[in-house]
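*Asks:* Next comes the structure file target.pdb, holding PDB, C-alpha atoms and all ligand atoms.
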```pdb
ATOM      1  CA  MET A   1      65.436 134.106  89.300
ATOM      2  CA  SER A   2      68.531 132.309  88.021
ATOM      3  CA  LYS A   3      70.306 129.920  90.372
ATOM      4  CA  LYS A   4      73.775 130.933  91.539
ATOM      5  CA  PRO A   5      76.300 128.425  90.140
ATOM      6  CA  ARG A   6      77.865 126.174  92.771
ATOM      7  CA  LYS A   7      81.627 126.215  92.944
ATOM      8  CA  LYS A   8      84.150 123.672  94.054
ATOM      9  CA  LEU A   9      87.827 123.963  94.829
ATOM     10  CA  VAL A  10      89.990 121.992  92.422
ATOM     11  CA  LYS A  11      93.473 121.067  93.640
ATOM     12  CA  ARG A  12      96.136 120.192  91.143
ATOM     13  CA  ILE A  13      99.804 119.294  91.131
ATOM     14  CA  LYS A  14     101.649 120.159  87.956
ATOM     15  CA  ILE A  15     104.564 117.875  87.147
ATOM     16  CA  ASP A  16     107.570 119.163  85.240
ATOM     17  CA  VAL A  17     109.321 115.968  84.213
ATOM     18  CA  ASP A  18     112.334 117.898  82.912
ATOM     19  CA  LYS A  19     113.057 119.215  86.416
ATOM     20  CA  CYS A  20     112.729 115.887  88.233
ATOM     21  CA  ASN A  21     116.140 114.459  89.180
ATOM     22  CA  GLY A  22     114.872 111.171  90.604
ATOM     23  CA  CYS A  23     115.870 111.951  94.208
ATOM     24  CA  ARG A  24     112.683 110.242  95.516
ATOM     25  CA  ALA A  25     112.258 112.681  98.397
ATOM     26  CA  CYS A  26     108.575 112.865  97.404
ATOM     27  CA  GLU A  27     108.177 109.096  97.944
ATOM     28  CA  VAL A  28     109.872 109.244 101.338
ATOM     29  CA  ILE A  29     107.816 112.124 102.729
ATOM     30  CA  CYS A  30     104.514 110.809 101.329
ATOM     31  CA  SER A  31     104.960 107.432 102.988
ATOM     32  CA  SER A  32     106.102 109.061 106.216
ATOM     33  CA  PHE A  33     103.219 111.545 106.302
ATOM     34  CA  HIS A  34     100.722 108.695 105.846
ATOM     35  CA  ALA A  35     102.425 106.342 108.325
ATOM     36  CA  VAL A  36     100.497 105.430 111.456
ATOM     37  CA  PRO A  37     101.423 107.102 113.785
ATOM     38  CA  ARG A  38     102.319 109.976 111.469
ATOM     39  CA  TYR A  39     106.054 110.213 110.630
ATOM     40  CA  SER A  40     106.751 106.936 112.477
ATOM     41  CA  SER A  41     108.299 105.285 109.386
ATOM     42  CA  ALA A  42     109.338 105.976 105.804
ATOM     43  CA  ASN A  43     108.858 103.313 103.168
ATOM     44  CA  PRO A  44     108.563 104.375  99.512
ATOM     45  CA  ALA A  45     106.624 101.161  98.788
ATOM     46  CA  ARG A  46     103.748 102.765 100.719
ATOM     47  CA  SER A  47     103.976 106.086  98.902
ATOM     48  CA  ARG A  48     101.135 107.503  96.839
ATOM     49  CA  ILE A  49     103.615 108.927  94.386
ATOM     50  CA  ARG A  50     106.205 106.734  92.654
ATOM     51  CA  VAL A  51     109.034 107.911  90.465
ATOM     52  CA  ILE A  52     109.653 105.811  87.351
ATOM     53  CA  ARG A  53     113.444 106.014  87.072
ATOM     54  CA  ASP A  54     115.831 105.397  84.222
ATOM     55  CA  PRO A  55     119.135 106.928  85.421
ATOM     56  CA  LEU A  56     121.109 105.857  82.332
ATOM     57  CA  ALA A  57     118.751 107.793  80.099
ATOM     58  CA  ASP A  58     118.351 110.555  82.732
ATOM     59  CA  ILE A  59     114.590 110.068  82.654
ATOM     60  CA  TYR A  60     112.513 110.375  85.805
ATOM     61  CA  VAL A  61     108.734 110.488  85.767
ATOM     62  CA  PRO A  62     106.729 111.035  88.973
ATOM     63  CA  VAL A  63     103.376 109.186  88.863
ATOM     64  CA  TYR A  64     100.583 109.855  91.356
ATOM     65  CA  ALA A  65      98.345 107.059  92.643
ATOM     66  CA  GLY A  66      94.919 107.474  91.068
ATOM     67  CA  GLU A  67      91.689 105.510  91.117
ATOM     68  CA  TYR A  68      91.236 101.901  92.208
ATOM     69  CA  ALA A  69      90.401  99.526  89.373
ATOM     70  CA  ALA A  70      88.751  96.222  90.295
ATOM     71  CA  ALA A  71      89.846  94.599  87.019
ATOM     72  CA  GLN A  72      92.685  95.010  84.573
ATOM     73  CA  CYS A  73      91.842  97.284  81.683
ATOM     74  CA  ALA A  74      91.499  95.745  78.233
ATOM     75  CA  GLY A  75      93.790  98.225  76.487
ATOM     76  CA  ARG A  76      97.440  98.952  77.129
ATOM     77  CA  ASN A  77      99.600 102.017  76.513
ATOM     78  CA  GLU A  78     103.118 101.805  75.245
ATOM     79  CA  TYR A  79     105.550 104.684  75.662
ATOM     80  CA  THR A  80     108.799 105.440  73.871
ATOM     81  CA  ILE A  81     110.856 108.276  75.341
ATOM     82  CA  ASP A  82     114.172 109.290  73.804
ATOM     83  CA  GLY A  83     114.175 106.038  71.866
ATOM     84  CA  LYS A  84     113.670 103.823  74.951
ATOM     85  CA  ARG A  85     110.550 101.715  75.225
ATOM     86  CA  TYR A  86     108.860 101.560  78.611
ATOM     87  CA  GLU A  87     106.799  98.700  79.922
ATOM     88  CA  GLU A  88     103.085  98.772  79.331
ATOM     89  CA  CYS A  89     101.346 100.197  82.407
ATOM     90  CA  SER A  90     104.561 102.024  83.490
ATOM     91  CA  PHE A  91     102.965 105.429  83.789
ATOM     92  CA  CYS A  92      99.437 104.364  84.694
ATOM     93  CA  ARG A  93      97.999 105.870  87.880
ATOM     94  CA  ALA A  94      95.552 103.080  88.716
ATOM     95  CA  SER A  95      95.824 100.655  91.588
ATOM     96  CA  CYS A  96      94.826  97.520  89.693
ATOM     97  CA  PRO A  97      95.293  93.726  89.899
ATOM     98  CA  SER A  98      97.912  93.618  87.128
ATOM     99  CA  ARG A  99     100.800  94.988  89.231
ATOM    100  CA  PRO A 100     101.862  95.569  92.839
ATOM    101  CA  LEU A 101     102.084  99.361  92.556
ATOM    102  CA  PHE A 102      99.938 101.595  94.778
ATOM    103  CA  LYS A 103      98.840  98.931  97.220
ATOM    104  CA  GLU A 104      99.133  99.014 101.002
ATOM    105  CA  ALA A 105     101.779  96.449 101.916
ATOM    106  CA  ASP A 106      99.930  94.754 104.839
ATOM    107  CA  SER A 107      96.365  94.609 103.568
ATOM    108  CA  GLY A 108      96.757  94.910  99.786
ATOM    109  CA  LEU A 109      94.238  97.730  99.854
ATOM    110  CA  PRO A 110      94.696 100.375  97.167
ATOM    111  CA  LEU A 111      96.521 103.607  97.836
ATOM    112  CA  LYS A 112      95.344 106.847  96.317
ATOM    113  CA  CYS A 113      96.821 110.333  96.504
ATOM    114  CA  ASP A 114      94.581 112.322  98.862
ATOM    115  CA  MET A 115      96.429 115.603  98.376
ATOM    116  CA  CYS A 116      97.599 115.228 101.987
ATOM    117  CA  GLU A 117      94.126 115.921 103.379
ATOM    118  CA  SER A 118      94.596 116.703 107.047
ATOM    119  CA  ASP A 119      93.383 118.847 109.900
ATOM    120  CA  PRO A 120      94.624 121.557 109.988
ATOM    121  CA  THR A 121      94.870 121.827 106.201
ATOM    122  CA  LEU A 122      98.410 122.038 104.862
ATOM    123  CA  GLU A 123      99.447 125.037 102.812
ATOM    124  CA  GLN A 124     100.662 122.655 100.132
ATOM    125  CA  PRO A 125     100.996 118.868  99.827
ATOM    126  CA  LYS A 126     104.069 117.316 101.410
ATOM    127  CA  CYS A 127     105.578 115.999  98.182
ATOM    128  CA  VAL A 128     105.455 119.504  96.707
ATOM    129  CA  GLU A 129     107.072 120.977  99.824
ATOM    130  CA  TRP A 130     109.881 118.420  99.731
ATOM    131  CA  CYS A 131     110.601 118.635  96.013
ATOM    132  CA  LEU A 132     113.568 121.000  96.064
ATOM    133  CA  ALA A 133     113.937 120.713  92.289
ATOM    134  CA  GLN A 134     110.467 122.295  91.952
ATOM    135  CA  ALA A 135     109.354 119.571  89.620
ATOM    136  CA  LEU A 136     106.035 119.533  91.495
ATOM    137  CA  VAL A 137     103.970 122.715  91.671
ATOM    138  CA  TYR A 138     100.710 122.993  93.605
ATOM    139  CA  GLU A 139      97.753 124.972  92.243
ATOM    140  CA  GLU A 140      94.211 125.644  93.436
ATOM    141  CA  ARG A 141      91.344 127.010  91.382
ATOM    142  CA  GLU A 142      87.562 127.298  91.636
ATOM    143  CA  GLU A 143      85.378 125.536  89.094
ATOM    144  CA  GLU A 144      81.635 125.519  88.553
ATOM    145  CA  VAL A 145      79.902 122.286  89.544
ATOM    146  CA  VAL A 146      78.082 120.741  86.582
ATOM    147  CA  GLY A 147      75.049 118.417  86.793
ATOM    148  CA  GLU A 148      76.876 115.120  86.346
ATOM    149  CA  GLU A 149      78.978 115.650  89.461
ATOM    150  CA  GLU A 150      75.891 115.451  91.697
ATOM    151  CA  ALA A 151      76.192 111.660  91.284
ATOM    152  CA  ALA A 152      79.527 111.499  93.106
ATOM    153  CA  PRO A 153      78.248 109.774  96.319
ATOM    154  CA  ASP A 154      77.066 106.766  94.273
ATOM    155  CA  GLU A 155      80.513 106.426  92.753
ATOM    156  CA  VAL A 156      82.046 106.331  96.222
ATOM    157  CA  GLU A 157      79.625 103.632  97.313
ATOM    158  CA  LEU A 158      80.313 101.535  94.240
ATOM    159  CA  GLY A 159      84.037 101.851  94.857
ATOM    160  CA  LEU A 160      83.642 100.613  98.434
ATOM    161  CA  GLU A 161      81.565  97.642  97.328
ATOM    162  CA  ALA A 162      84.182  96.640  94.785
ATOM    163  CA  LEU A 163      86.909  96.888  97.415
ATOM    164  CA  ALA A 164      84.906  94.878  99.927
ATOM    165  CA  ALA A 165      84.204  92.183  97.344
ATOM    166  CA  LYS A 166      87.920  91.788  96.796
ATOM    167  CA  HIS A 167      89.294  92.204 100.312
ATOM    168  CA  GLY A 168      86.302  91.554 102.569
ATOM    169  CA  TRP A 169      84.504  94.112 104.722
ATOM    170  CA  GLN A 170      86.496  93.211 107.839
ATOM    171  CA  THR A 171      89.872  93.972 106.209
ATOM    172  CA  LEU A 172      88.408  97.181 104.862
ATOM    173  CA  LEU A 173      87.101  98.245 108.272
ATOM    174  CA  ASP A 174      90.328  97.241 110.052
ATOM    175  CA  THR A 175      92.377  99.272 107.607
ATOM    176  CA  VAL A 176      90.120 102.322 107.789
ATOM    177  CA  THR A 177      90.239 102.122 111.610
ATOM    178  CA  ARG A 178      94.039 101.883 111.536
ATOM    179  CA  LEU A 179      94.403 104.757 109.085
ATOM    180  CA  THR A 180      92.122 107.027 111.087
ATOM    181  CA  LYS A 181      93.942 106.404 114.407
ATOM    182  CA  ARG A 182      96.730 108.855 113.820
ATOM    183  CA  GLY A 183      99.082 109.768 116.625
TER     184      GLY A 183
HETATM  185  S1  LIG A 201     111.155 115.083  95.012
HETATM  186 FE1  LIG A 201     110.922 116.154  93.048
HETATM  187  S2  LIG A 201     112.893 115.874  92.006
HETATM  188 FE2  LIG A 201     112.815 114.359  93.665
HETATM  189  S3  LIG A 201     111.970 112.494  92.658
HETATM  190 FE3  LIG A 201     110.237 113.602  93.562
HETATM  191  S4  LIG A 201     109.457 114.878  91.869
HETATM  192 FE4  LIG A 201     111.531 114.226  91.282
HETATM  193  S1  LIG A 202      99.914 115.038  97.527
HETATM  194 FE1  LIG A 202     100.273 114.054  99.526
HETATM  195  S2  LIG A 202      99.201 112.071  99.323
HETATM  196 FE2  LIG A 202      99.499 112.846  97.248
HETATM  197  S3  LIG A 202     101.438 111.955  96.592
HETATM  198 FE3  LIG A 202     101.908 114.002  97.420
HETATM  199  S4  LIG A 202     102.470 113.597  99.551
HETATM  200 FE4  LIG A 202     101.393 111.782  98.817
END
```
Please re-express this file's structure in structure tokens.
Ligand code: SF4
Ligand code: SF4
*Replies:*
Amino acid sequence: MSKKPRKKLVKRIKIDVDKCNGCRACEVICSSFHAVPRYSSANPARSRIRVIRDPLADIYVPVYAGEYAAAQCAGRNEYTIDGKRYEECSFCRASCPSRPLFKEADSGLPLKCDMCESDPTLEQPKCVEWCLAQALVYEEREEEVVGEEEAAPDEVELGLEALAAKHGWQTLLDTVTRLTKRG
């Protein structure tokens, strides 16, 4: 008898750069939603989405905080948009040692977009809800789980070890405790 394929829910935010007007409402609400207690402050520096802005060229690019990287990567990307060159690493999603982006201000711990995981579950992530220009569009779809993904718990453990090596277990525990005590 063939095994029924396992499914997982994949959440995705589609970014339409042409619609983004650089208002930064997404940064404000993300930082406020993740403040402790919730909505107690708004500080874009703590946001898990940052908008790379070039008002003179009318270019605005929302970038979501992605994976933590313990070391700088060896390669670099260079972007030219409408004839303007952007700094290497400008549009990278990683929280890495080469720049201050996507790091918690107090502890230096990395920030990562968690799709506004909360209980009860939100209908859509906060940044999408607050983006009146509709530059951010939320989508959900089911995908089959393939063999490789069974190894996910190990990846989580490795990530924690790398973080602890850099920041120390106590800082890590203090931060997790603080982040889980939501008012
Ligand atoms: S809220 Fe929407 S339009 Fe405003 S900066 Fe963010 S992505 Fe761009
Ligand atoms: S989905 Fe939620 S956590 Fe991710 S950037 Fe948007 S508001 Fe922040």
*Asks:* Which of these, A:Cys96, A:Cys73, A:Cys116, A:Val128, has the shortest distance to Ile15 of chain A once you count all atoms listed in the file?
*Replies:* A:Val128
*Asks:* Distance atom S3 of ligand LIG 202 (chain A)-atom CA of Ser41 of chain A, one decimal place?
*Replies:*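 Separation between atom S3 of ligand LIG 202 (chain A) and atom CA of Ser41 of chain A: 16.0 Å.
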*Asks:* May I ask which of the residues A:Asp58, A:Glu27, A:Glu78, A:Glu104 is the closest one to ligand LIG 202 (chain A), counting all atoms listed in the file?
*Replies:* A:Glu27
*Asks:* Nearest to Cys30 of chain A: which of A:Glu117, A:Asp54, A:Glu140, A:Glu87 is it, counting all atoms listed in the file?
*Replies:* A:Glu117
*Asks:* Name the residues that the PyMOL selection byres (((not hetatm)) within 10 of (chain A and resi 201)) picks from the file above, as JSON, numbers by chain, using the file's chain letters and numbers.
*Replies:* {"A": [15, 16, 17, 18, 19, 20, 21, 22, 23, 24, 25, 26, 27, 28, 29, 49, 50, 51, 52, 53, 60, 61, 62, 63, 126, 127, 128, 129, 130, 131, 132, 133, 134, 135, 136, 137]}
*Asks:* Can you work out the spacing between atom CA of Pro97 of chain A and atom CA of Ala45 of chain A in Å, to one decimal?
*Replies:* 16.2 Å
*Asks:* Restricting the calculation to all atoms listed in the file: of A:Asp174, A:Glu143, A:Glu123, A:Glu88, which residue gets closest to ligand LIG 202 (chain A)?
*Replies:*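 Among the listed residues, A:Glu123 lies closest to ligand LIG 202 (chain A).
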*Asks:* What's the separation between atom CA of Ser95 of chain A and atom CA of Thr121 of chain A, in Å to one decimal place?
*Replies:* 25.7 Å
*Asks:* Which is closest to Ser31 of chain A among A:Ile81, A:Ala94, A:Ala70, A:Leu111, if we use all atoms listed in the file?
*Replies:*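 Closest to Ser31 of chain A, using all atoms listed in the file: A:Leu111.
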*Asks:* Please define a box with edges along x, y and z of the file around all atoms of ligand LIG 202 (chain A) given in the file, extend it by 5 Å on each side, and return its centre and edge lengths in Å to one decimal, as AutoDock Vina command-line options.
*Replies:*
```
--center_x 100.8 --center_y 113.4 --center_z 98.1 --size_x 13.3 --size_y 13.3 --size_z 13.0
```
*Asks:* Do you know which residues lie at most 7 Å from (101.5, 126.7, 96.9), with coordinates as in the file and only C-alpha atoms counted, and could you write them as a tab-separated table (two decimals) with C-alpha atoms, keeping the file's coordinate frame?
*Replies:*
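And here is the file that came out, result_2.tsv:
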```
chain	number	residue	atom	x	y	z
A	123	GLU	CA	99.45	125.04	102.81
A	124	GLN	CA	100.66	122.66	100.13
A	138	TYR	CA	100.71	122.99	93.60
A	139	GLU	CA	97.75	124.97	92.24
```
*Asks:* Using the chain letters and residue numbers of this document, give as a ChimeraX atom specification the residues selected by the PyMOL selection byres (((chain A and resi 113) around 7) and not hetatm).
*Replies:* /A:48,64-66,111-112,114-115
*Asks:* Go through A:Tyr39, A:Phe33, A:Trp169, A:Phe102 and flag the residue nearest ligand LIG 202 (chain A), using all atoms listed in the file for the distances.
*Replies:*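 Of all the options, A:Phe33 lies closest to ligand LIG 202 (chain A).
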